[in-house]
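Trainee: Contents are compact mmCIF, N, CA and C atoms; file name data-v9.txt:
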```txt
# COMPACT_ATOMS: atom_id res chain seq x y z
N MET A 72 31.18 2.39 -65.63
CA MET A 72 30.14 1.43 -65.96
C MET A 72 29.17 1.33 -64.79
N VAL A 73 27.89 1.37 -65.07
CA VAL A 73 26.85 1.31 -64.05
C VAL A 73 26.40 -0.13 -63.86
N ALA A 74 26.41 -0.58 -62.60
CA ALA A 74 25.94 -1.94 -62.30
C ALA A 74 24.42 -1.91 -62.16
N LEU A 75 23.78 -2.82 -62.82
CA LEU A 75 22.33 -2.94 -62.74
C LEU A 75 21.99 -4.08 -61.81
N HIS A 76 21.24 -3.79 -60.77
CA HIS A 76 20.87 -4.82 -59.80
C HIS A 76 19.37 -5.09 -59.94
N ILE A 77 19.06 -6.32 -60.29
CA ILE A 77 17.66 -6.74 -60.38
C ILE A 77 17.44 -7.80 -59.32
N ASP A 78 16.46 -7.57 -58.47
CA ASP A 78 16.19 -8.57 -57.43
C ASP A 78 15.68 -9.85 -58.09
N PRO A 79 15.85 -10.99 -57.40
CA PRO A 79 15.48 -12.28 -58.01
C PRO A 79 14.02 -12.37 -58.45
N VAL A 80 13.11 -11.78 -57.72
CA VAL A 80 11.69 -11.88 -58.07
C VAL A 80 11.41 -11.10 -59.36
N THR A 81 12.00 -9.93 -59.48
CA THR A 81 11.82 -9.15 -60.71
C THR A 81 12.42 -9.89 -61.90
N GLY A 82 13.62 -10.42 -61.74
CA GLY A 82 14.25 -11.17 -62.82
C GLY A 82 13.44 -12.39 -63.22
N LEU A 83 12.95 -13.11 -62.23
CA LEU A 83 12.14 -14.29 -62.49
C LEU A 83 10.83 -13.90 -63.18
N SER A 84 10.22 -12.82 -62.74
CA SER A 84 8.96 -12.37 -63.34
C SER A 84 9.15 -11.96 -64.80
N VAL A 85 10.22 -11.22 -65.08
CA VAL A 85 10.50 -10.81 -66.45
C VAL A 85 10.80 -12.05 -67.31
N GLY A 86 11.55 -12.98 -66.75
CA GLY A 86 11.83 -14.23 -67.47
C GLY A 86 10.58 -15.02 -67.77
N ARG A 87 9.67 -15.08 -66.80
CA ARG A 87 8.39 -15.77 -67.01
C ARG A 87 7.62 -15.14 -68.16
N ILE A 88 7.56 -13.82 -68.14
CA ILE A 88 6.82 -13.11 -69.18
C ILE A 88 7.45 -13.37 -70.55
N ALA A 89 8.77 -13.31 -70.63
CA ALA A 89 9.45 -13.53 -71.91
C ALA A 89 9.21 -14.95 -72.43
N ILE A 90 9.37 -15.94 -71.58
CA ILE A 90 9.12 -17.33 -72.00
C ILE A 90 7.65 -17.51 -72.35
N GLY A 91 6.77 -16.89 -71.58
CA GLY A 91 5.34 -17.00 -71.85
C GLY A 91 4.95 -16.38 -73.18
N VAL A 92 5.51 -15.22 -73.49
CA VAL A 92 5.23 -14.59 -74.78
C VAL A 92 5.73 -15.49 -75.91
N GLY A 93 6.92 -16.05 -75.74
CA GLY A 93 7.44 -16.97 -76.76
C GLY A 93 6.54 -18.17 -76.94
N ALA A 94 6.11 -18.77 -75.84
CA ALA A 94 5.26 -19.96 -75.91
C ALA A 94 3.89 -19.64 -76.49
N LEU A 95 3.38 -18.46 -76.21
CA LEU A 95 2.07 -18.07 -76.73
C LEU A 95 2.16 -17.71 -78.22
N ALA A 96 3.18 -16.95 -78.60
CA ALA A 96 3.31 -16.47 -79.97
C ALA A 96 3.90 -17.52 -80.92
N ALA A 97 4.82 -18.30 -80.42
CA ALA A 97 5.50 -19.30 -81.27
C ALA A 97 5.73 -20.57 -80.47
N PRO A 98 4.66 -21.30 -80.19
CA PRO A 98 4.79 -22.47 -79.31
C PRO A 98 5.74 -23.55 -79.84
N SER A 99 5.74 -23.78 -81.13
CA SER A 99 6.63 -24.82 -81.69
C SER A 99 8.09 -24.42 -81.54
N THR A 100 8.39 -23.17 -81.82
CA THR A 100 9.76 -22.68 -81.69
C THR A 100 10.22 -22.76 -80.24
N THR A 101 9.37 -22.33 -79.33
CA THR A 101 9.72 -22.38 -77.91
C THR A 101 9.92 -23.82 -77.45
N ALA A 102 9.08 -24.72 -77.92
CA ALA A 102 9.24 -26.14 -77.57
C ALA A 102 10.59 -26.66 -78.06
N ARG A 103 10.96 -26.29 -79.29
CA ARG A 103 12.26 -26.74 -79.83
C ARG A 103 13.42 -26.17 -79.03
N VAL A 104 13.30 -24.93 -78.56
CA VAL A 104 14.37 -24.33 -77.74
C VAL A 104 14.61 -25.18 -76.49
N PHE A 105 13.56 -25.75 -75.94
CA PHE A 105 13.66 -26.60 -74.75
C PHE A 105 13.90 -28.07 -75.09
N GLY A 106 14.22 -28.34 -76.36
CA GLY A 106 14.58 -29.69 -76.75
C GLY A 106 13.41 -30.61 -77.03
N LEU A 107 12.21 -30.07 -77.13
CA LEU A 107 11.04 -30.89 -77.42
C LEU A 107 10.81 -30.97 -78.92
N ASP A 108 10.03 -31.94 -79.36
CA ASP A 108 9.78 -32.18 -80.78
C ASP A 108 8.31 -31.96 -81.12
N PRO A 109 7.94 -30.72 -81.47
CA PRO A 109 6.53 -30.46 -81.78
C PRO A 109 6.04 -31.17 -83.04
N ALA A 110 6.94 -31.53 -83.95
CA ALA A 110 6.52 -32.23 -85.17
C ALA A 110 5.94 -33.61 -84.85
N SER A 111 6.48 -34.25 -83.82
CA SER A 111 5.98 -35.57 -83.46
C SER A 111 4.74 -35.51 -82.56
N ASN A 112 4.41 -34.32 -82.09
CA ASN A 112 3.24 -34.16 -81.24
C ASN A 112 2.59 -32.81 -81.53
N PRO A 113 1.70 -32.74 -82.52
CA PRO A 113 1.09 -31.47 -82.90
C PRO A 113 0.28 -30.80 -81.78
N GLN A 114 -0.18 -31.59 -80.81
CA GLN A 114 -0.93 -31.00 -79.70
C GLN A 114 -0.04 -30.16 -78.78
N LEU A 115 1.26 -30.26 -78.95
CA LEU A 115 2.19 -29.50 -78.11
C LEU A 115 1.96 -27.99 -78.25
N ASP A 116 1.55 -27.53 -79.44
CA ASP A 116 1.26 -26.10 -79.61
C ASP A 116 0.13 -25.65 -78.68
N TYR A 117 -0.90 -26.46 -78.59
CA TYR A 117 -2.03 -26.13 -77.70
C TYR A 117 -1.55 -26.01 -76.26
N MET A 118 -0.81 -27.01 -75.81
CA MET A 118 -0.31 -27.00 -74.43
C MET A 118 0.69 -25.86 -74.22
N GLY A 119 1.47 -25.58 -75.25
CA GLY A 119 2.44 -24.49 -75.15
C GLY A 119 1.76 -23.15 -74.96
N ARG A 120 0.67 -22.93 -75.68
CA ARG A 120 -0.06 -21.67 -75.51
C ARG A 120 -0.68 -21.56 -74.12
N MET A 121 -1.18 -22.69 -73.60
CA MET A 121 -1.73 -22.67 -72.24
C MET A 121 -0.62 -22.34 -71.24
N PHE A 122 0.52 -22.97 -71.40
CA PHE A 122 1.68 -22.71 -70.55
C PHE A 122 2.08 -21.24 -70.65
N GLY A 123 2.11 -20.72 -71.89
CA GLY A 123 2.51 -19.33 -72.10
C GLY A 123 1.61 -18.35 -71.39
N ALA A 124 0.31 -18.57 -71.50
CA ALA A 124 -0.65 -17.69 -70.84
C ALA A 124 -0.45 -17.70 -69.32
N ARG A 125 -0.22 -18.89 -68.76
CA ARG A 125 0.01 -19.02 -67.31
C ARG A 125 1.28 -18.27 -66.90
N GLU A 126 2.33 -18.43 -67.67
CA GLU A 126 3.59 -17.78 -67.33
C GLU A 126 3.48 -16.26 -67.41
N ILE A 127 2.81 -15.75 -68.45
CA ILE A 127 2.62 -14.30 -68.58
C ILE A 127 1.82 -13.78 -67.39
N ALA A 128 0.72 -14.45 -67.06
CA ALA A 128 -0.13 -13.99 -65.95
C ALA A 128 0.62 -14.00 -64.63
N LEU A 129 1.30 -15.10 -64.32
CA LEU A 129 2.02 -15.19 -63.05
C LEU A 129 3.16 -14.18 -63.00
N GLY A 130 3.88 -14.05 -64.10
CA GLY A 130 4.99 -13.09 -64.14
C GLY A 130 4.51 -11.65 -63.98
N ALA A 131 3.45 -11.30 -64.69
CA ALA A 131 2.95 -9.92 -64.65
C ALA A 131 2.38 -9.55 -63.29
N VAL A 132 1.57 -10.42 -62.72
CA VAL A 132 0.96 -10.09 -61.44
C VAL A 132 2.02 -10.02 -60.34
N THR A 133 3.03 -10.89 -60.41
CA THR A 133 4.11 -10.83 -59.43
C THR A 133 4.95 -9.57 -59.62
N LEU A 134 5.21 -9.21 -60.85
CA LEU A 134 6.02 -8.04 -61.15
C LEU A 134 5.43 -6.75 -60.59
N VAL A 135 4.12 -6.61 -60.65
CA VAL A 135 3.49 -5.36 -60.20
C VAL A 135 3.07 -5.40 -58.73
N SER A 136 3.20 -6.53 -58.08
CA SER A 136 2.77 -6.63 -56.68
C SER A 136 3.86 -6.16 -55.73
N ARG A 137 3.48 -5.90 -54.51
CA ARG A 137 4.41 -5.46 -53.47
C ARG A 137 4.06 -6.14 -52.15
N GLY A 138 4.99 -6.10 -51.22
CA GLY A 138 4.75 -6.55 -49.86
C GLY A 138 4.38 -8.02 -49.74
N ALA A 139 3.40 -8.28 -48.87
CA ALA A 139 2.99 -9.65 -48.58
C ALA A 139 2.43 -10.35 -49.81
N LEU A 140 1.73 -9.61 -50.67
CA LEU A 140 1.19 -10.22 -51.89
C LEU A 140 2.33 -10.70 -52.79
N ARG A 141 3.37 -9.90 -52.93
CA ARG A 141 4.53 -10.30 -53.74
C ARG A 141 5.18 -11.55 -53.16
N ARG A 142 5.31 -11.59 -51.84
CA ARG A 142 5.88 -12.77 -51.19
C ARG A 142 5.02 -14.00 -51.45
N ASN A 143 3.70 -13.85 -51.30
CA ASN A 143 2.79 -14.98 -51.51
C ASN A 143 2.81 -15.45 -52.96
N LEU A 144 2.90 -14.53 -53.91
CA LEU A 144 2.98 -14.90 -55.32
C LEU A 144 4.31 -15.58 -55.63
N THR A 145 5.35 -15.18 -54.91
CA THR A 145 6.64 -15.86 -55.06
C THR A 145 6.53 -17.31 -54.60
N VAL A 146 5.82 -17.53 -53.51
CA VAL A 146 5.59 -18.90 -53.01
C VAL A 146 4.78 -19.70 -54.04
N VAL A 147 3.77 -19.08 -54.63
CA VAL A 147 2.99 -19.75 -55.68
C VAL A 147 3.91 -20.12 -56.85
N GLY A 148 4.77 -19.19 -57.25
CA GLY A 148 5.71 -19.47 -58.33
C GLY A 148 6.64 -20.62 -58.01
N ILE A 149 7.11 -20.68 -56.77
CA ILE A 149 7.97 -21.79 -56.35
C ILE A 149 7.21 -23.11 -56.46
N ALA A 150 5.95 -23.11 -56.06
CA ALA A 150 5.15 -24.34 -56.15
C ALA A 150 4.95 -24.75 -57.61
N VAL A 151 4.64 -23.80 -58.47
CA VAL A 151 4.46 -24.10 -59.90
C VAL A 151 5.76 -24.64 -60.49
N ASP A 152 6.86 -23.96 -60.21
CA ASP A 152 8.16 -24.39 -60.75
C ASP A 152 8.59 -25.72 -60.15
N GLY A 153 8.25 -25.96 -58.90
CA GLY A 153 8.54 -27.25 -58.28
C GLY A 153 7.78 -28.37 -58.97
N ALA A 154 6.53 -28.09 -59.34
CA ALA A 154 5.75 -29.08 -60.09
C ALA A 154 6.37 -29.32 -61.46
N ASP A 155 6.84 -28.26 -62.10
CA ASP A 155 7.52 -28.40 -63.39
C ASP A 155 8.79 -29.24 -63.25
N LEU A 156 9.52 -29.02 -62.18
CA LEU A 156 10.74 -29.78 -61.92
C LEU A 156 10.40 -31.27 -61.74
N ALA A 157 9.39 -31.54 -60.92
CA ALA A 157 8.98 -32.93 -60.68
C ALA A 157 8.53 -33.59 -61.98
N ASN A 158 7.80 -32.84 -62.81
CA ASN A 158 7.35 -33.38 -64.09
C ASN A 158 8.55 -33.70 -64.99
N GLY A 159 9.55 -32.84 -64.98
CA GLY A 159 10.76 -33.12 -65.76
C GLY A 159 11.44 -34.40 -65.33
N VAL A 160 11.50 -34.62 -64.03
CA VAL A 160 12.12 -35.84 -63.51
C VAL A 160 11.28 -37.06 -63.90
N ILE A 161 9.97 -36.95 -63.80
CA ILE A 161 9.08 -38.05 -64.18
C ILE A 161 9.25 -38.38 -65.66
N GLU A 162 9.24 -37.36 -66.49
CA GLU A 162 9.38 -37.58 -67.94
C GLU A 162 10.74 -38.18 -68.28
N LEU A 163 11.78 -37.78 -67.58
CA LEU A 163 13.10 -38.37 -67.78
C LEU A 163 13.06 -39.86 -67.44
N GLY A 164 12.46 -40.19 -66.32
CA GLY A 164 12.35 -41.59 -65.90
C GLY A 164 11.53 -42.44 -66.86
N GLN A 165 10.50 -41.84 -67.42
CA GLN A 165 9.64 -42.58 -68.36
C GLN A 165 10.18 -42.54 -69.79
N ARG A 166 11.23 -41.77 -69.99
CA ARG A 166 11.87 -41.62 -71.31
C ARG A 166 10.90 -41.10 -72.38
N ASN A 167 10.01 -40.22 -71.97
CA ASN A 167 9.08 -39.61 -72.93
C ASN A 167 9.71 -38.45 -73.68
N VAL A 168 10.79 -37.91 -73.14
CA VAL A 168 11.55 -36.86 -73.80
C VAL A 168 13.02 -37.24 -73.74
N THR A 169 13.82 -36.60 -74.56
CA THR A 169 15.25 -36.92 -74.58
C THR A 169 15.91 -36.48 -73.28
N LYS A 170 17.09 -37.04 -73.04
CA LYS A 170 17.85 -36.63 -71.85
C LYS A 170 18.20 -35.16 -71.92
N LEU A 171 18.54 -34.67 -73.11
CA LEU A 171 18.86 -33.25 -73.28
C LEU A 171 17.66 -32.38 -72.93
N ALA A 172 16.49 -32.72 -73.46
CA ALA A 172 15.29 -31.94 -73.17
C ALA A 172 14.96 -32.00 -71.68
N SER A 173 15.04 -33.19 -71.10
CA SER A 173 14.79 -33.32 -69.66
C SER A 173 15.75 -32.44 -68.87
N GLY A 174 17.01 -32.49 -69.24
CA GLY A 174 18.00 -31.68 -68.53
C GLY A 174 17.70 -30.20 -68.63
N MET A 175 17.30 -29.75 -69.81
CA MET A 175 16.98 -28.33 -70.00
C MET A 175 15.74 -27.94 -69.19
N LEU A 176 14.73 -28.78 -69.24
CA LEU A 176 13.49 -28.47 -68.53
C LEU A 176 13.69 -28.54 -67.01
N ILE A 177 14.40 -29.56 -66.56
CA ILE A 177 14.68 -29.69 -65.13
C ILE A 177 15.56 -28.53 -64.67
N GLY A 178 16.57 -28.19 -65.47
CA GLY A 178 17.47 -27.10 -65.11
C GLY A 178 16.75 -25.76 -65.01
N ALA A 179 15.88 -25.48 -65.97
CA ALA A 179 15.13 -24.22 -65.94
C ALA A 179 14.22 -24.16 -64.71
N ALA A 180 13.53 -25.27 -64.43
CA ALA A 180 12.63 -25.29 -63.28
C ALA A 180 13.41 -25.19 -61.98
N ALA A 181 14.53 -25.89 -61.87
CA ALA A 181 15.35 -25.83 -60.66
C ALA A 181 15.90 -24.42 -60.45
N GLY A 182 16.32 -23.78 -61.54
CA GLY A 182 16.80 -22.41 -61.44
C GLY A 182 15.72 -21.46 -60.95
N ALA A 183 14.50 -21.66 -61.45
CA ALA A 183 13.39 -20.80 -61.02
C ALA A 183 13.04 -21.04 -59.55
N VAL A 184 13.04 -22.30 -59.12
CA VAL A 184 12.80 -22.61 -57.71
C VAL A 184 13.88 -21.95 -56.85
N GLY A 185 15.12 -22.12 -57.26
CA GLY A 185 16.23 -21.53 -56.51
C GLY A 185 16.14 -20.02 -56.43
N SER A 186 15.77 -19.38 -57.53
CA SER A 186 15.62 -17.93 -57.54
C SER A 186 14.51 -17.48 -56.60
N GLY A 187 13.41 -18.20 -56.61
CA GLY A 187 12.31 -17.87 -55.70
C GLY A 187 12.70 -18.04 -54.24
N LEU A 188 13.39 -19.15 -53.94
CA LEU A 188 13.84 -19.38 -52.56
C LEU A 188 14.84 -18.32 -52.12
N LEU A 189 15.73 -17.92 -53.03
CA LEU A 189 16.69 -16.86 -52.72
C LEU A 189 15.97 -15.56 -52.41
N ALA A 190 14.96 -15.25 -53.20
CA ALA A 190 14.19 -14.03 -52.96
C ALA A 190 13.50 -14.06 -51.60
N LEU A 191 12.93 -15.21 -51.24
CA LEU A 191 12.28 -15.32 -49.93
C LEU A 191 13.29 -15.15 -48.81
N ALA A 192 14.46 -15.76 -48.96
CA ALA A 192 15.50 -15.66 -47.93
C ALA A 192 15.97 -14.22 -47.79
N ARG A 193 16.17 -13.54 -48.88
CA ARG A 193 16.59 -12.13 -48.83
C ARG A 193 15.52 -11.26 -48.19
N GLY A 194 14.26 -11.57 -48.48
CA GLY A 194 13.16 -10.80 -47.89
C GLY A 194 13.11 -10.94 -46.38
N ARG A 195 13.36 -12.15 -45.88
CA ARG A 195 13.38 -12.37 -44.42
C ARG A 195 14.54 -11.61 -43.81
N GLY A 196 15.67 -11.59 -44.48
CA GLY A 196 16.82 -10.87 -43.96
C GLY A 196 16.58 -9.37 -43.86
N ARG A 197 15.89 -8.81 -44.83
CA ARG A 197 15.58 -7.38 -44.81
C ARG A 197 14.63 -7.05 -43.67
N ARG A 198 13.64 -7.94 -43.44
CA ARG A 198 12.69 -7.66 -42.34
C ARG A 198 13.40 -7.70 -41.01
N LYS A 199 14.36 -8.63 -40.82
CA LYS A 199 15.09 -8.71 -39.56
C LYS A 199 15.94 -7.46 -39.35
N GLN A 200 16.58 -6.97 -40.43
CA GLN A 200 17.41 -5.77 -40.33
C GLN A 200 16.56 -4.55 -40.02
N ALA A 201 15.36 -4.47 -40.61
CA ALA A 201 14.50 -3.32 -40.41
C ALA A 201 13.91 -3.30 -39.01
N GLY A 202 13.76 -4.48 -38.40
CA GLY A 202 13.09 -4.60 -37.10
C GLY A 202 13.92 -4.29 -35.95
```
Kindly present the structure from the file in structure tokens form.
Mentor:
Amino acid sequence: MVALHIDPVTGLSVGRIAIGVGALAAPSTTARVFGLDPASNPQLDYMGRMFGAREIALGAVTLVSRGALRRNLTVVGIAVDGADLANGVIELGQRNVTKLASGMLIGAAAGAVGSGLLALARGRGRRKQAG
């Protein structure tokens, strides 16, 4: 059996693209996957498509980048995901979404932040070894 190793930035980029395509092509379905209720808020499709386009763009440009640009785009991704995490916490506190939806959204954002931080840490370790 062959082990497939995908670095965290590549995995995160592919995940962004996949979620973005889902949000762009089927915003209501993607919203429901994350525990949101698009039937009670029809404008959610509009926001979902905007989110999807952002995720596809950030994922694609990070996926094809290398070196310092890839590192900088990873930092941008961490900032975006950190904002998503903060928004999940705010929405949980305001009870605008269910606890389940908040947990899913916060968990996804926290996982993305963690993956980005792991990638940055691994990148620093490689530079030290190479030097």
Trainee: Do you know which residues lie at most 6.5 Å from (2.9, -18.6, -75.5), with coordinates as in the file and only N, CA and C atoms counted, and could you write them as number ranges by chain?
Mentor: A: 90-98, 119-124
Trainee: So that I can see what lies close to region 83-87 of chain A, please list as a PyMOL selection string the residues with an atom at most 12 Å from it, counting only C-alpha atoms and leaving out residues fewer than 5 positions away in the same chain.
Mentor: chain A and resi 77-78+92-95+122-136+141+144-145+148-149+151-152+179-180+182-190
Trainee: One decimal, Å: what's the distance from atom N of Asn112 (chain A) over to atom C of Val147 (chain A), could you say?
Mentor: 29.0 Å
Trainee: Give me the residues near region 171-175 of chain A as a PDB file with N, CA and C atoms, in the coordinates of the input, where near means some atom within 7 Å (using only N, CA and C atoms) and where sequence neighbours in that chain fewer than 6 positions away do not count.
Mentor:
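What follows is the written file result-v9.pdb:
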```pdb
ATOM      1  N   PHE A 105      13.560 -25.750 -75.940  1.00  0.00           N
ATOM      2  CA  PHE A 105      13.660 -26.600 -74.750  1.00  0.00           C
ATOM      3  C   PHE A 105      13.900 -28.070 -75.090  1.00  0.00           C
ATOM      4  N   GLY A 106      14.220 -28.340 -76.360  1.00  0.00           N
ATOM      5  CA  GLY A 106      14.580 -29.690 -76.750  1.00  0.00           C
ATOM      6  C   GLY A 106      13.410 -30.610 -77.030  1.00  0.00           C
ATOM      7  N   LEU A 107      12.210 -30.070 -77.130  1.00  0.00           N
ATOM      8  CA  LEU A 107      11.040 -30.890 -77.420  1.00  0.00           C
ATOM      9  C   LEU A 107      10.810 -30.970 -78.920  1.00  0.00           C
ATOM     10  N   GLY A 159       9.550 -32.840 -64.980  1.00  0.00           N
ATOM     11  CA  GLY A 159      10.760 -33.120 -65.760  1.00  0.00           C
ATOM     12  C   GLY A 159      11.440 -34.400 -65.330  1.00  0.00           C
ATOM     13  N   VAL A 160      11.500 -34.620 -64.030  1.00  0.00           N
ATOM     14  CA  VAL A 160      12.120 -35.840 -63.510  1.00  0.00           C
ATOM     15  C   VAL A 160      11.280 -37.060 -63.900  1.00  0.00           C
ATOM     16  N   GLU A 162       9.240 -37.360 -66.490  1.00  0.00           N
ATOM     17  CA  GLU A 162       9.380 -37.580 -67.940  1.00  0.00           C
ATOM     18  C   GLU A 162      10.740 -38.180 -68.280  1.00  0.00           C
ATOM     19  N   LEU A 163      11.780 -37.780 -67.580  1.00  0.00           N
ATOM     20  CA  LEU A 163      13.100 -38.370 -67.780  1.00  0.00           C
ATOM     21  C   LEU A 163      13.060 -39.860 -67.440  1.00  0.00           C
TER      22      LEU A 163
END
```
Trainee: So how many Å separate CA of Tyr117 (chain A) and CA of Val146 (chain A), to one decimal?
Mentor: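 Here the two named atoms are 26.8 Å from each other.
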